[in-house]
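J.: Okay, so here is target.tsv, and as you'll see once you scroll down, it has TSV, C-alpha atoms.
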chain	number	residue	atom	x	y	z
A	1	MET	CA	-71.70	-46.66	-81.08
A	2	LYS	CA	-73.06	-46.49	-77.52
A	3	ASN	CA	-76.09	-48.59	-78.43
A	4	CYS	CA	-73.93	-51.09	-80.29
A	5	PHE	CA	-71.69	-51.54	-77.27
A	6	ALA	CA	-74.67	-51.91	-74.95
A	7	LEU	CA	-76.11	-54.64	-77.19
A	8	CYS	CA	-72.75	-56.45	-77.24
A	9	ALA	CA	-72.51	-56.24	-73.44
A	10	ILE	CA	-76.00	-57.67	-73.08
A	11	ALA	CA	-75.21	-60.48	-75.52
A	12	LEU	CA	-72.03	-61.36	-73.63
A	13	ALA	CA	-73.87	-61.22	-70.30
A	14	GLY	CA	-75.12	-64.71	-71.01
A	15	CYS	CA	-71.51	-65.96	-70.83
A	16	ALA	CA	-71.37	-65.49	-67.04
A	17	SER	CA	-73.05	-68.12	-64.89
A	18	GLN	CA	-76.37	-66.74	-63.71
A	19	TYR	CA	-76.91	-66.55	-59.95
A	20	GLN	CA	-79.49	-69.20	-58.98
A	21	PRO	CA	-79.59	-69.81	-55.23
A	22	LYS	CA	-81.09	-72.95	-53.80
A	23	PRO	CA	-84.24	-72.29	-51.71
A	24	THR	CA	-83.46	-72.08	-47.99
A	25	ASP	CA	-84.96	-70.68	-44.80
A	26	ASP	CA	-81.65	-68.96	-44.02
A	27	SER	CA	-81.91	-66.21	-46.60
A	28	ALA	CA	-82.42	-62.48	-47.02
A	29	THR	CA	-83.69	-60.41	-49.95
A	30	LEU	CA	-81.55	-57.96	-51.95
A	31	LYS	CA	-82.92	-55.41	-54.45
A	32	ILE	CA	-80.33	-54.11	-56.94
A	33	VAL	CA	-80.77	-50.62	-58.41
A	34	GLY	CA	-78.61	-47.74	-59.62
A	35	ASN	CA	-78.63	-44.25	-61.11
A	36	ASN	CA	-77.49	-45.35	-64.54
A	37	ALA	CA	-77.81	-47.87	-67.34
A	38	ASN	CA	-75.27	-50.37	-68.66
A	39	PHE	CA	-74.10	-52.00	-65.46
A	40	PHE	CA	-74.00	-55.46	-64.03
A	41	THR	CA	-73.72	-56.94	-60.55
A	42	GLU	CA	-71.83	-60.08	-59.56
A	43	ALA	CA	-71.76	-62.30	-56.42
A	44	TYR	CA	-68.65	-63.71	-54.75
A	45	GLU	CA	-67.98	-66.19	-51.93
A	46	SER	CA	-65.27	-64.03	-50.36
A	47	GLU	CA	-63.28	-60.83	-50.71
A	48	ASP	CA	-60.64	-62.91	-52.49
A	49	CYS	CA	-63.02	-62.96	-55.49
A	50	SER	CA	-63.96	-66.64	-55.56
A	51	PRO	CA	-67.13	-66.82	-57.69
A	52	HIS	CA	-70.28	-67.56	-55.67
A	53	LYS	CA	-71.23	-71.26	-55.62
A	54	ASP	CA	-74.76	-70.37	-56.80
A	55	GLY	CA	-73.47	-68.47	-59.87
A	56	ILE	CA	-71.71	-65.16	-60.40
A	57	ARG	CA	-74.09	-62.86	-62.36
A	58	LEU	CA	-76.74	-61.36	-60.08
A	59	ALA	CA	-78.11	-58.85	-62.60
A	60	THR	CA	-77.44	-57.15	-65.94
A	61	PHE	CA	-79.02	-53.77	-66.70
A	62	SER	CA	-79.26	-51.90	-69.98
A	63	GLY	CA	-81.86	-49.36	-68.86
A	64	MET	CA	-82.31	-46.90	-66.03
A	65	THR	CA	-83.09	-48.32	-62.58
A	66	LYS	CA	-83.15	-45.16	-60.50
A	67	ASP	CA	-86.89	-45.12	-59.71
A	68	VAL	CA	-86.17	-47.28	-56.66
A	69	ASP	CA	-89.69	-47.00	-55.21
A	70	ASN	CA	-91.16	-48.66	-58.29
A	71	PRO	CA	-91.22	-52.42	-57.59
A	72	SER	CA	-90.80	-53.23	-61.29
A	73	VAL	CA	-87.47	-51.37	-61.42
A	74	GLY	CA	-84.24	-53.14	-60.58
A	75	LYS	CA	-83.90	-56.81	-59.71
A	76	THR	CA	-84.64	-58.61	-56.45
A	77	VAL	CA	-82.75	-61.79	-55.51
A	78	GLN	CA	-82.52	-64.12	-52.51
A	79	ILE	CA	-79.09	-64.16	-50.86
A	80	PRO	CA	-77.65	-66.31	-48.06
A	81	ALA	CA	-77.97	-64.88	-44.54
A	82	GLY	CA	-75.65	-65.13	-41.57
A	83	LYS	CA	-72.37	-64.96	-43.48
A	84	PRO	CA	-70.59	-62.23	-45.46
A	85	PHE	CA	-72.03	-61.60	-48.93
A	86	VAL	CA	-69.66	-59.97	-51.42
A	87	LEU	CA	-70.92	-58.20	-54.54
A	88	SER	CA	-69.38	-56.10	-57.29
A	89	HIS	CA	-71.00	-53.49	-59.51
A	90	TYR	CA	-69.40	-52.79	-62.90
A	91	TYR	CA	-70.39	-49.86	-65.17
A	92	ILE	CA	-69.22	-49.32	-68.73
A	93	ASP	CA	-70.13	-46.99	-71.57
A	94	ALA	CA	-68.57	-46.62	-74.98
A	95	ARG	CA	-67.79	-43.31	-76.60
A	96	VAL	CA	-65.92	-42.36	-79.73
A	97	ALA	CA	-62.33	-43.48	-79.08
A	98	GLN	CA	-62.96	-44.06	-75.36
A	99	ASN	CA	-64.58	-46.54	-72.97
A	100	ARG	CA	-65.47	-45.27	-69.48
A	101	ILE	CA	-65.47	-47.92	-66.75
A	102	CYS	CA	-66.17	-47.73	-63.02
A	103	ARG	CA	-66.28	-50.68	-60.60
A	104	VAL	CA	-66.68	-51.22	-56.88
A	105	THR	CA	-66.81	-54.28	-54.61
A	106	VAL	CA	-68.59	-54.28	-51.23
A	107	ALA	CA	-69.47	-56.81	-48.53
A	108	PHE	CA	-72.05	-57.09	-45.77
A	109	THR	CA	-73.59	-59.81	-43.62
A	110	PRO	CA	-77.33	-60.10	-44.28
A	111	GLU	CA	-79.65	-61.13	-41.46
A	112	ARG	CA	-82.17	-63.92	-41.94
A	113	GLY	CA	-85.55	-62.71	-43.21
A	114	LYS	CA	-84.44	-59.08	-43.70
A	115	SER	CA	-84.62	-57.10	-46.94
A	116	TYR	CA	-81.80	-54.94	-48.29
A	117	GLN	CA	-81.15	-52.69	-51.24
A	118	THR	CA	-77.89	-51.95	-53.00
A	119	TYR	CA	-77.75	-48.66	-54.91
A	120	PHE	CA	-74.92	-48.23	-57.42
A	121	GLN	CA	-74.17	-44.58	-58.20
A	122	VAL	CA	-71.95	-43.42	-61.05
A	123	GLU	CA	-71.09	-39.72	-61.32
A	124	PRO	CA	-72.46	-38.11	-64.54
A	125	ASP	CA	-68.94	-37.56	-65.88
A	126	VAL	CA	-68.00	-41.13	-64.81
A	127	SER	CA	-65.18	-39.74	-62.64
A	128	SER	CA	-66.09	-42.08	-59.77
A	129	CYS	CA	-68.70	-44.51	-58.52
A	130	ASP	CA	-69.95	-45.77	-55.19
A	131	THR	CA	-72.36	-48.28	-53.68
A	132	VAL	CA	-74.66	-47.98	-50.69
A	133	VAL	CA	-76.29	-50.97	-49.01
A	134	SER	CA	-79.34	-49.99	-46.97
A	135	SER	CA	-82.53	-51.38	-45.51
A	136	ALA	CA	-85.18	-52.30	-48.10
A	137	SER	CA	-86.81	-48.90	-47.65
A	138	GLY	CA	-83.93	-47.53	-49.71
A	139	ASN	CA	-83.14	-44.91	-47.09
A	140	PRO	CA	-79.33	-44.66	-47.12
A	141	SER	CA	-79.40	-43.18	-43.62
A	142	VAL	CA	-80.50	-46.59	-42.28
A	143	ASN	CA	-77.06	-48.12	-41.86
A	144	VAL	CA	-76.27	-51.77	-42.36
A	145	PRO	CA	-73.70	-52.21	-39.56
A	146	SER	CA	-71.76	-54.95	-41.34
A	147	PHE	CA	-71.36	-52.95	-44.61
A	148	LYS	CA	-67.79	-52.40	-45.80
A	149	TYR	CA	-65.83	-51.92	-48.99
A	150	GLY	CA	-64.19	-55.08	-50.24
A	151	ARG	CA	-60.43	-55.46	-49.94
A	152	ASN	CA	-60.18	-56.32	-53.61
A	153	LEU	CA	-61.93	-55.42	-56.82
A	154	CYS	CA	-63.71	-58.53	-58.11
A	155	VAL	CA	-64.62	-58.61	-61.82
A	156	ALA	CA	-65.65	-61.62	-63.91
A	157	GLY	CA	-64.45	-64.03	-61.22
A	158	GLU	CA	-60.98	-62.50	-61.00
A	159	ASN	CA	-59.17	-60.49	-58.34
A	160	HIS	CA	-58.12	-57.11	-59.80
A	161	GLY	CA	-56.33	-55.85	-56.69
A	162	PRO	CA	-57.36	-53.16	-54.17
A	163	VAL	CA	-60.66	-51.29	-54.64
A	164	SER	CA	-60.27	-47.64	-55.67
A	165	ARG	CA	-63.81	-46.58	-56.78
A	166	LYS	CA	-62.15	-44.35	-59.40
A	167	ALA	CA	-63.11	-44.56	-63.02
A	168	THR	CA	-60.92	-46.04	-65.71
A	169	ARG	CA	-60.78	-44.56	-69.16
A	170	LEU	CA	-59.61	-46.64	-72.07
A	171	ASN	CA	-58.57	-44.27	-74.83
A	172	TRP	CA	-58.19	-45.57	-78.33
A	173	LYS	CA	-56.01	-43.91	-80.93
A	174	VAL	CA	-58.17	-42.96	-83.88
A	175	GLU	CA	-56.67	-41.96	-87.18
A	176	TRP	CA	-58.93	-40.46	-89.80
A	177	GLN	CA	-58.02	-40.96	-93.42
A	178	ARG	CA	-59.69	-39.42	-96.40
A	179	ALA	CA	-60.97	-41.83	-98.95
A	180	PRO	CA	-59.37	-41.31	-102.34
A	181	ALA	CA	-61.48	-39.35	-104.82
A	182	ARG	CA	-63.14	-41.46	-107.47
Give the structure from the file, written as structure tokens.
T.:
Amino acid sequence: MKNCFALCAIALAGCASQYQPKPTDDSATLKIVGNNANFFTEAYESEDCSPHKDGIRLATFSGMTKDVDNPSVGKTVQIPAGKPFVLSHYYIDARVAQNRICRVTVAFTPERGKSYQTYFQVEPDVSSCDTVVSSASGNPSVNVPSFKYGRNLCVAGENHGPVSRKATRLNWKVEWQRAPAR
């Protein structure tokens, strides 16, 4: 079931417009990683959840990305510098009769020519999630002064209200019935 859902999520990932920035000298670099699989990252123009003009889907992951020092892990993208950059991480896994979802939206103002890393962490029991934006070294103790949590939760180009960083569980009612004997 889990693998089936992951494959469906990957297939649907193509439905979102892929982030493709135009080359510019006023840019910074962002590496996207996390401690889990099955998450995606989206870009927005503002904390009001307007999709980014260069496309919304920054990255889609279906495998682990937590070996942040390995350059082949995660995804690196160019982002505009000198103005707030808003991004959302969205995690989902499917279980028998339950989907576990955790999402968070953050913003920061990248500086021209600098490199950053966003690390999306989901608790093992999916009770909560969080995001850290740090210098490219990946050291979370190196603060990005402009980092803040977004006012709203942005998902699929829509404003879902205030950010909570708490997980959502979608429980399905399952009724088992015995097949008649033949």
J.: Considering only C-alpha atoms, return as a list in words whatever protein or nucleic-acid residues lie within 9 Å of Tyr91 in chain A, sequence-local ones (same chain, fewer than 5 positions apart) excluded.
T.: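 Non-adjacent residues within range: Asn36, Ala37, Asn38, Phe39, Phe40, Arg100, Ile101, Cys102, Arg103, Val122 and Cys129 of chain A.
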J.: Using all atoms listed in the file, which of the listed residues (A:Thr29, A:Asp125, A:Glu47, A:Pro180) sits closest to Glu111 in chain A?
T.: A:Thr29
J.: Mind giving me the straight-line distance from CA of Thr24 in chain A to CA of Asp54 in chain A in Å, one decimal?
T.: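 So the answer is 12.5 Å.
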J.: Which is closer to Arg112 in chain A than all the others in A:Gln98, A:Arg178, A:Asp25, A:Ile92, using only C-alpha atoms?
T.: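 Looking only at the distances to Arg112 in chain A, the closest residue turns out to be A:Asp25.
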J.: Neighbouring residues of Asn152 in chain A were defined as those with any atom within 10 Å, considering all atoms listed in the file; residues of the same chain fewer than 6 positions away were excluded. Please report them as an MDAnalysis selection string.
T.: chainID A and resid 46:49 88 104:106 158:164
J.: Could you state the separation of CA of Tyr149 in chain A and CA of Pro80 in chain A in Å, given to one decimal place?
T.: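 Calculated distance between CA of Tyr149 in chain A and CA of Pro80 in chain A is 18.6 Å.
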J.: When you draw a straight line from CA of Asp93 in chain A to CA of Thr76 in chain A, how long is it in Å?
T.: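 Going from CA of Asp93 in chain A over to CA of Thr76 in chain A covers 24.0 Å.
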J.: Closest to Gln117 in chain A among A:Val144, A:Ala179, A:Ala81, A:Ala94, using only C-alpha atoms?
T.: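 When distances to Gln117 in chain A are compared using only C-alpha atoms, the smallest one comes from A:Val144.
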J.: Would you mind listing what lies within 6 Å of Phe120 in chain A as a PDB file with C-alpha atoms, in the frame of the given file, with all atoms listed in the file counted and same-chain residues fewer than 4 positions away left out?
T.:
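Output file selection.pdb is given in full below:
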ATOM      1  CA  GLY A  34     -78.610 -47.740 -59.620  1.00  0.00           C
ATOM      2  CA  ASP A 130     -69.950 -45.770 -55.190  1.00  0.00           C
ATOM      3  CA  THR A 131     -72.360 -48.280 -53.680  1.00  0.00           C
TER       4      THR A 131
END
J.: Rank nothing, just name the residue among A:Val133, A:Ile32, A:Val126, A:Ala181 nearest to Asn99 in chain A, using only C-alpha atoms.
T.: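 Residue with the minimum atom-to-atom distance to Asn99 in chain A: A:Val126.
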J.: Find the residue from A:Val33, A:Ser134, A:Pro51, A:Gln18 that sits nearest to Leu87 in chain A; use all atoms listed in the file when measuring.
T.: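 Nearest candidate to Leu87 in chain A out of A:Val33, A:Ser134, A:Pro51, A:Gln18: A:Pro51.
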